[in-house]
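Pasted below: protein_38.cif, mmCIF, C-alpha atoms and all ligand atoms.
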data_protein
#
loop_
_atom_site.label_atom_id
_atom_site.label_comp_id
_atom_site.auth_asym_id
_atom_site.auth_seq_id
_atom_site.Cartn_x
_atom_site.Cartn_y
_atom_site.Cartn_z
CA MET A 1 -8.22 101.60 -17.43
CA SER A 2 -8.08 102.90 -13.90
CA VAL A 3 -11.82 103.48 -13.60
CA MET A 4 -13.66 102.17 -10.56
CA ILE A 5 -16.84 100.14 -10.91
CA PRO A 6 -19.79 102.46 -10.17
CA ASP A 7 -21.98 101.82 -7.09
CA LEU A 8 -19.35 99.59 -5.47
CA GLU A 9 -21.54 98.55 -2.53
CA GLY A 10 -24.43 97.56 -4.82
CA TYR A 11 -22.07 95.81 -7.21
CA PHE A 12 -20.48 93.61 -4.54
CA ARG A 13 -23.84 92.61 -3.09
CA GLN A 14 -24.27 90.20 -6.02
CA PHE A 15 -21.38 88.13 -4.67
CA ALA A 16 -23.10 87.21 -1.39
CA PRO A 17 -22.71 83.44 -1.34
CA PRO A 18 -25.75 81.18 -1.72
CA ARG A 19 -26.84 79.40 1.47
CA GLU A 20 -29.43 76.89 2.56
CA ASP A 21 -32.81 77.43 4.25
CA LEU A 22 -31.50 77.13 7.83
CA LEU A 23 -28.99 79.97 7.38
CA LEU A 24 -31.57 82.11 5.55
CA GLU A 25 -33.99 81.53 8.43
CA LEU A 26 -31.34 82.59 10.99
CA GLU A 27 -30.65 85.73 8.94
CA GLN A 28 -34.36 86.58 8.92
CA GLU A 29 -34.65 85.97 12.67
CA ALA A 30 -31.59 88.13 13.30
CA ALA A 31 -33.02 90.97 11.21
CA ALA A 32 -36.42 90.73 12.93
CA GLU A 33 -35.00 90.55 16.47
CA GLY A 34 -31.99 92.84 16.05
CA ILE A 35 -29.46 90.08 16.71
CA PRO A 36 -26.11 91.24 15.28
CA ILE A 37 -24.73 88.39 13.13
CA VAL A 38 -21.83 88.24 10.70
CA GLY A 39 -23.97 87.61 7.61
CA PRO A 40 -23.13 85.46 4.58
CA VAL A 41 -19.96 87.20 3.37
CA VAL A 42 -18.13 87.13 6.70
CA GLY A 43 -19.65 83.68 7.30
CA ARG A 44 -17.96 82.44 4.17
CA LEU A 45 -14.77 84.29 5.12
CA LEU A 46 -14.71 82.42 8.44
CA TYR A 47 -15.24 79.12 6.62
CA LEU A 48 -12.47 79.98 4.15
CA LEU A 49 -10.03 81.03 6.89
CA GLY A 50 -10.75 77.87 8.87
CA ARG A 51 -9.96 75.80 5.77
CA ALA A 52 -6.91 77.91 4.91
CA VAL A 53 -5.26 77.32 8.31
CA GLN A 54 -6.45 73.69 8.21
CA ALA A 55 -8.14 74.24 11.53
CA ARG A 56 -9.04 71.21 13.63
CA THR A 57 -9.83 73.26 16.74
CA ILE A 58 -11.59 76.62 16.75
CA LEU A 59 -12.68 78.85 19.63
CA GLU A 60 -15.51 81.35 19.18
CA LEU A 61 -16.37 84.08 21.68
CA GLY A 62 -20.02 85.08 21.16
CA THR A 63 -22.38 82.44 19.74
CA ALA A 64 -25.78 84.21 19.66
CA THR A 65 -28.02 81.81 17.65
CA GLY A 66 -25.06 79.93 16.20
CA TYR A 67 -25.03 81.46 12.71
CA SER A 68 -21.26 82.12 12.56
CA THR A 69 -20.57 78.90 14.49
CA ILE A 70 -22.18 76.90 11.68
CA PHE A 71 -19.69 78.30 9.15
CA LEU A 72 -16.79 77.65 11.52
CA ALA A 73 -17.93 74.11 12.33
CA ARG A 74 -18.20 73.31 8.62
CA SER A 75 -14.57 74.31 8.16
CA VAL A 76 -13.17 71.68 10.55
CA PRO A 77 -12.83 68.00 9.64
CA ALA A 78 -15.66 65.64 10.59
CA PRO A 79 -15.10 63.55 12.58
CA GLY A 80 -12.31 64.91 14.74
CA GLY A 81 -12.72 68.67 14.35
CA ARG A 82 -14.08 70.77 17.21
CA VAL A 83 -15.48 74.26 17.75
CA VAL A 84 -15.76 75.56 21.32
CA THR A 85 -18.19 78.48 21.43
CA LEU A 86 -18.98 80.73 24.41
CA GLU A 87 -22.30 82.50 25.03
CA ARG A 88 -23.51 84.21 28.21
CA ASP A 89 -27.21 84.44 27.29
CA GLN A 90 -28.95 81.18 28.24
CA THR A 91 -31.92 81.70 25.92
CA LEU A 92 -29.71 82.37 22.90
CA ALA A 93 -27.52 79.41 23.82
CA ARG A 94 -30.57 77.10 23.89
CA ARG A 95 -31.58 78.33 20.45
CA ALA A 96 -28.03 77.84 19.17
CA ALA A 97 -27.98 74.25 20.46
CA VAL A 98 -31.16 73.49 18.50
CA ASN A 99 -29.62 75.07 15.40
CA PHE A 100 -26.47 72.96 15.70
CA GLN A 101 -28.66 69.85 15.79
CA ARG A 102 -30.65 71.04 12.79
CA ALA A 103 -27.37 71.60 10.91
CA GLY A 104 -26.12 68.13 11.94
CA LEU A 105 -23.15 69.74 13.68
CA GLU A 106 -23.79 68.88 17.32
CA ALA A 107 -20.84 66.46 17.40
CA GLN A 108 -18.41 69.18 16.31
CA VAL A 109 -19.66 71.98 18.59
CA ASP A 110 -18.98 72.36 22.32
CA LEU A 111 -21.30 75.17 23.47
CA GLN A 112 -20.38 76.63 26.87
CA VAL A 113 -22.74 79.03 28.61
CA GLY A 114 -21.32 81.86 30.70
CA GLU A 115 -19.26 85.03 30.73
CA ALA A 116 -16.19 84.79 28.52
CA ALA A 117 -14.03 86.29 31.28
CA ILE A 118 -15.07 83.42 33.58
CA LEU A 119 -14.88 80.61 31.02
CA LEU A 120 -11.66 81.59 29.23
CA PRO A 121 -9.19 80.91 32.12
CA ALA A 122 -10.43 77.30 32.33
CA LEU A 123 -10.00 76.56 28.62
CA VAL A 124 -7.09 74.50 27.41
CA GLY A 125 -5.64 74.96 23.93
CA PRO A 126 -4.15 74.85 21.50
CA PHE A 127 -6.66 76.27 19.05
CA ASP A 128 -5.84 76.87 15.40
CA LEU A 129 -8.25 79.79 14.99
CA ILE A 130 -10.12 82.08 17.39
CA PHE A 131 -13.08 84.20 16.34
CA MET A 132 -13.86 87.06 18.74
CA ASP A 133 -17.39 88.48 18.61
CA ILE A 134 -18.47 89.40 22.17
CA ASP A 135 -19.08 92.88 23.62
CA LYS A 136 -16.26 94.99 22.23
CA GLU A 137 -15.32 96.24 25.72
CA GLY A 138 -14.36 92.62 26.50
CA TYR A 139 -11.84 92.26 23.64
CA LEU A 140 -8.85 93.71 25.49
CA GLU A 141 -9.35 91.45 28.52
CA ALA A 142 -9.74 88.41 26.23
CA LEU A 143 -6.53 89.13 24.28
CA PRO A 144 -4.01 87.50 26.71
CA HIS A 145 -6.22 84.39 26.78
CA CYS A 146 -6.21 84.30 22.98
CA ARG A 147 -2.42 84.55 23.10
CA ARG A 148 -2.28 81.61 25.53
CA LEU A 149 -4.85 79.47 23.72
CA LEU A 150 -3.80 79.94 20.07
CA ARG A 151 -1.01 77.80 18.70
CA GLY A 152 2.03 79.63 17.30
CA GLY A 153 1.04 80.67 13.77
CA GLY A 154 -2.65 80.44 14.69
CA LEU A 155 -5.12 83.04 13.48
CA LEU A 156 -7.21 85.49 15.51
CA VAL A 157 -10.18 87.11 13.77
CA ALA A 158 -11.86 89.96 15.67
CA ASP A 159 -15.17 91.29 14.40
CA ASN A 160 -16.59 94.83 14.77
CA VAL A 161 -13.28 96.55 15.43
CA ALA A 162 -14.69 99.83 14.08
CA PHE A 163 -16.79 100.10 17.27
CA GLN A 164 -15.47 102.56 19.85
CA GLY A 165 -15.33 99.85 22.48
CA ALA A 166 -12.73 98.00 20.39
CA ALA A 167 -10.30 100.96 20.25
CA PRO A 168 -8.13 99.83 23.22
CA PHE A 169 -7.94 96.33 21.68
CA ASN A 170 -6.95 97.76 18.28
CA ARG A 171 -4.11 99.74 19.85
CA ALA A 172 -2.91 96.87 22.06
CA ILE A 173 -2.75 94.22 19.34
CA TRP A 174 -1.13 96.64 16.92
CA GLU A 175 1.65 97.48 19.40
CA SER A 176 2.17 93.97 20.79
CA PRO A 177 5.25 91.97 19.70
CA ASP A 178 3.15 88.80 20.12
CA TRP A 179 0.93 89.51 17.11
CA CYS A 180 1.19 90.42 13.45
CA ALA A 181 -2.14 92.24 13.03
CA VAL A 182 -3.94 93.92 10.16
CA PRO A 183 -7.06 96.02 10.80
CA LEU A 184 -9.32 96.17 7.73
CA LEU A 185 -12.10 98.67 7.13
CA CYS A 186 -14.60 96.84 4.95
CA HIS A 187 -17.99 96.88 3.29
CA LEU A 188 -19.59 93.58 4.31
CA PRO A 189 -23.03 92.80 2.79
CA GLY A 190 -25.37 91.26 5.38
CA HIS A 191 -22.97 91.94 8.26
CA SER A 192 -24.16 93.92 11.25
CA PRO A 193 -23.23 96.69 10.48
CA GLU A 194 -22.33 96.53 6.79
CA ARG A 195 -19.49 99.09 7.11
CA ASP A 196 -17.21 97.86 9.86
CA GLY A 197 -13.70 96.81 10.71
CA LEU A 198 -12.27 93.30 10.90
CA CYS A 199 -8.93 92.54 12.52
CA LEU A 200 -6.90 89.54 11.36
CA ALA A 201 -3.88 88.70 13.48
CA LEU A 202 -1.26 85.99 13.40
CA ARG A 203 -0.07 84.74 16.77
CA LEU A 204 3.71 84.92 16.54
CA GLU A 205 5.83 82.12 18.02
C1 LIG B 301 -22.46 89.84 17.98
S1 LIG B 301 -23.30 88.59 18.82
C2 LIG B 301 -22.57 87.12 18.16
C3 LIG B 301 -23.02 86.83 16.77
C4 LIG B 301 -22.52 85.52 16.22
N1 LIG B 301 -21.08 85.42 16.34
C5 LIG B 301 -22.91 85.41 14.78
O1 LIG B 301 -22.32 86.12 13.95
O2 LIG B 301 -23.81 84.63 14.48
C6 LIG B 301 -22.52 88.64 20.38
C7 LIG B 301 -22.97 87.55 21.33
O3 LIG B 301 -22.01 87.47 22.36
C8 LIG B 301 -22.66 87.40 23.60
N2 LIG B 301 -21.74 88.06 24.54
C9 LIG B 301 -21.45 89.38 24.61
N3 LIG B 301 -20.54 89.62 25.54
C10 LIG B 301 -20.23 88.41 26.09
C11 LIG B 301 -19.34 88.00 27.11
N4 LIG B 301 -18.60 88.89 27.76
N5 LIG B 301 -19.26 86.68 27.39
C12 LIG B 301 -20.02 85.78 26.73
N6 LIG B 301 -20.89 86.11 25.75
C13 LIG B 301 -20.99 87.42 25.44
C14 LIG B 301 -23.98 88.12 23.44
O4 LIG B 301 -24.94 87.60 24.34
C15 LIG B 301 -24.31 87.86 21.98
O5 LIG B 301 -25.15 86.75 21.84
#

Can you turn what I pasted into structure tokens?
Ligand SMILES: C[S@@+](CC[C@H](N)C(=O)[O-])C[C@H]1O[C@@H](n2cnc3c(N)ncnc32)[C@H](O)[C@@H]1O
Amino acid sequence: MSVMIPDLEGYFRQFAPPREDLLLELEQEAAAEGIPIVGPVVGRLLYLLGRAVQARTILELGTATGYSTIFLARSVPAPGGRVVTLERDQTLARRAAVNFQRAGLEAQVDLQVGEAAILLPALVGPFDLIFMDIDKEGYLEALPHCRRLLRGGGLLVADNVAFQGAAPFNRAIWESPDWCAVPLLCHLPGHSPERDGLCLALRLE
């Protein structure tokens, strides 16, 4: 029968994955302080994508308190796997560093403090997966660096692409011969905001 489930948003909320006290605490802090985090569904998606591409090296742009980084760092092998994460706000970066220790992930995470536009040119790849979650106006400038830093066949995940600031990025990646991109408009329980776009893009050889 081609009948949709009623109250789709409410229905899918029940599938938010369970998570431990540390992640619940970071979610509560984020809600109280207005820190935009990916929430448990996109967190699990990042973990799943990291596992699916068998990532050993991941780059994240935009750490905040380290919530999404924890999911990414859990998707790489330990020992040997590595997540490089960039954050310009020193106070948030200090909090993230504490959270990585609390999660037992400090060996896997290389937290670099500064503007992405300054840090990116000095980074050396290849990375298997890049997660982009900085100010949306910075996405377009970061795109050539992602192209350089991702291995051929590597995966770029860009959050919040339904924000106006991401529009030039959406157009550029869609039209570029270097990427096979799919923009998805989604309902994402616990994500900030819950109705938003995600872009998944394969870096072509
Ligand atoms: C949306 S929050 C990141 C949330 C985090 N990924 C999560 O889901 O837990 C964006 C973060 O990126 C940082 N940021 C924004 N623009 C940046 C830039 N150009 N360079 C470095 N960090 C930036 C902000 O300070 C903020 O902490």

Inset, instruction - Could you tell me, counting all atoms listed in the file, which protein and nucleic acid residues lie no more than 6 Å from ligand LIG 301 (chain B), written as an MDAnalysis selection string? - result: chainID A and resid 36:38 62:68 86:89 114:116 133:135 138

Okay, now the selection with C-alpha atoms, as a CSV table (one decimal), in the frame of the given file?
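Contents of result18.csv, as written:
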chain,number,residue,atom,x,y,z
A,36,PRO,CA,-26.1,91.2,15.3
A,37,ILE,CA,-24.7,88.4,13.1
A,38,VAL,CA,-21.8,88.2,10.7
A,62,GLY,CA,-20.0,85.1,21.2
A,63,THR,CA,-22.4,82.4,19.7
A,64,ALA,CA,-25.8,84.2,19.7
A,65,THR,CA,-28.0,81.8,17.6
A,66,GLY,CA,-25.1,79.9,16.2
A,67,TYR,CA,-25.0,81.5,12.7
A,68,SER,CA,-21.3,82.1,12.6
A,86,LEU,CA,-19.0,80.7,24.4
A,87,GLU,CA,-22.3,82.5,25.0
A,88,ARG,CA,-23.5,84.2,28.2
A,89,ASP,CA,-27.2,84.4,27.3
A,114,GLY,CA,-21.3,81.9,30.7
A,115,GLU,CA,-19.3,85.0,30.7
A,116,ALA,CA,-16.2,84.8,28.5
A,133,ASP,CA,-17.4,88.5,18.6
A,134,ILE,CA,-18.5,89.4,22.2
A,135,ASP,CA,-19.1,92.9,23.6
A,138,GLY,CA,-14.4,92.6,26.5

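Of the listed residues A:Arg44, A:Gln112, A:Leu140, A:Leu26, the one whose atoms come nearest to Asn99 of chain A is A:Leu26, with distances taken using only C-alpha atoms.
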
Legend entry - 9 Å contact set for Asp110 of chain A, only C-alpha atoms, chain neighbours under 6 positions out, as an NGL selection string: :A and (82-86)

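Among the candidate residues A:Met1, A:Ala181, A:Leu23, A:Val124, the one lying nearest to Leu59 of chain A is A:Val124, with distances computed using all atoms listed in the file.
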
Inset, instruction - Find the residues near Ala103 of chain A: any atom within 8 Å, counting all atoms listed in the file, skip ones fewer than 3 places away on the same chain, and give them as JSON, numbers by chain. - result: {"A": [22, 70, 99, 100, 106]}

Sorted by chain and rising residue number, which residues of segment 40-129 of chain A lie within 10 Å of segment 185-191 of chain A, and what are their closest atom pairs and distances in Å to one decimal, counting all atoms listed in the file, as CSV?
residue,atom,partner,partner_atom,distance
A:Pro40,CA,A:Gly190,CA,6.3
A:Val41,CA,A:Pro189,CA,6.4
A:Val42,CA,A:His191,CA,7.0
A:Gly43,CA,A:His191,CA,9.0

Inset, instruction - Show which residues sit within 7 Å of segment 165-171 of chain A, as a list in words. Count all atoms listed in the file, and ignore same-chain residues fewer than 6 positions away. - result: Lys136, Glu137, Tyr139 and Leu140 of chain A

List the neighbours of Phe131 of chain A out to 8 Å using all atoms listed in the file; skip same-chain residues closer than 4 positions along the sequence, and give me the result as a PDB file with C-alpha atoms, keeping the file's coordinate frame.
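Saved result, selection.pdb, follows:
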ATOM      1  CA  ILE A  58     -11.590  76.620  16.750  1.00  0.00           C
ATOM      2  CA  LEU A  59     -12.680  78.850  19.630  1.00  0.00           C
ATOM      3  CA  GLU A  60     -15.510  81.350  19.180  1.00  0.00           C
ATOM      4  CA  LEU A  61     -16.370  84.080  21.680  1.00  0.00           C
ATOM      5  CA  LEU A 156      -7.210  85.490  15.510  1.00  0.00           C
ATOM      6  CA  VAL A 157     -10.180  87.110  13.770  1.00  0.00           C
ATOM      7  CA  ALA A 158     -11.860  89.960  15.670  1.00  0.00           C
ATOM      8  CA  ASP A 159     -15.170  91.290  14.400  1.00  0.00           C
TER       9      ASP A 159
END

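Nearest residue to Gln54 of chain A, choosing from A:Glu175, A:Asp196, A:Asp128, A:Glu141 and counting all atoms listed in the file: A:Asp128.
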
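Atom pair atom CA of Pro126 of chain A / atom CA of Leu204 of chain A has a distance of 13.7 Å (rounded to one decimal).
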
Legend entry - Pairwise distance for atom CA of Leu155 of chain A and atom CA of Arg203 of chain A, rounded to one decimal in Å: 6.3 Å

Inset, instruction - Determine the nearest neighbour of Ala73 of chain A from the options A:Pro193, A:Ala31, A:Leu129, A:Leu120, counting all atoms listed in the file. - result: A:Leu129

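Atom CA of Val53 of chain A is positioned 21.1 Å from atom CA of Pro144 of chain A.
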
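Nearest-residue note for Gly125 of chain A: choosing from A:Arg102, A:Arg56, A:Arg74, A:Arg95, the minimum distance belongs to A:Arg56, counting only C-alpha atoms.
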
Tell me, as an mmCIF file with C-alpha atoms, keeping the file's coordinate frame, which residues lie within 9 Å of Leu123 of chain A, counting all atoms listed in the file; anything in the same chain fewer than 3 positions away does not count.
data_model
loop_
_atom_site.group_PDB
_atom_site.id
_atom_site.type_symbol
_atom_site.label_atom_id
_atom_site.label_comp_id
_atom_site.auth_asym_id
_atom_site.auth_seq_id
_atom_site.Cartn_x
_atom_site.Cartn_y
_atom_site.Cartn_z
ATOM 1 C CA LEU A 119 -14.880 80.610 31.020
ATOM 2 C CA LEU A 120 -11.660 81.590 29.230
ATOM 3 C CA HIS A 145 -6.220 84.390 26.780
ATOM 4 C CA LEU A 149 -4.850 79.470 23.720
#

Legend entry - Closest of A:Val76, A:Glu20, A:Thr69, A:Ala162 to Ala96 of chain A - atom-to-atom distances counting only C-alpha atoms: A:Thr69
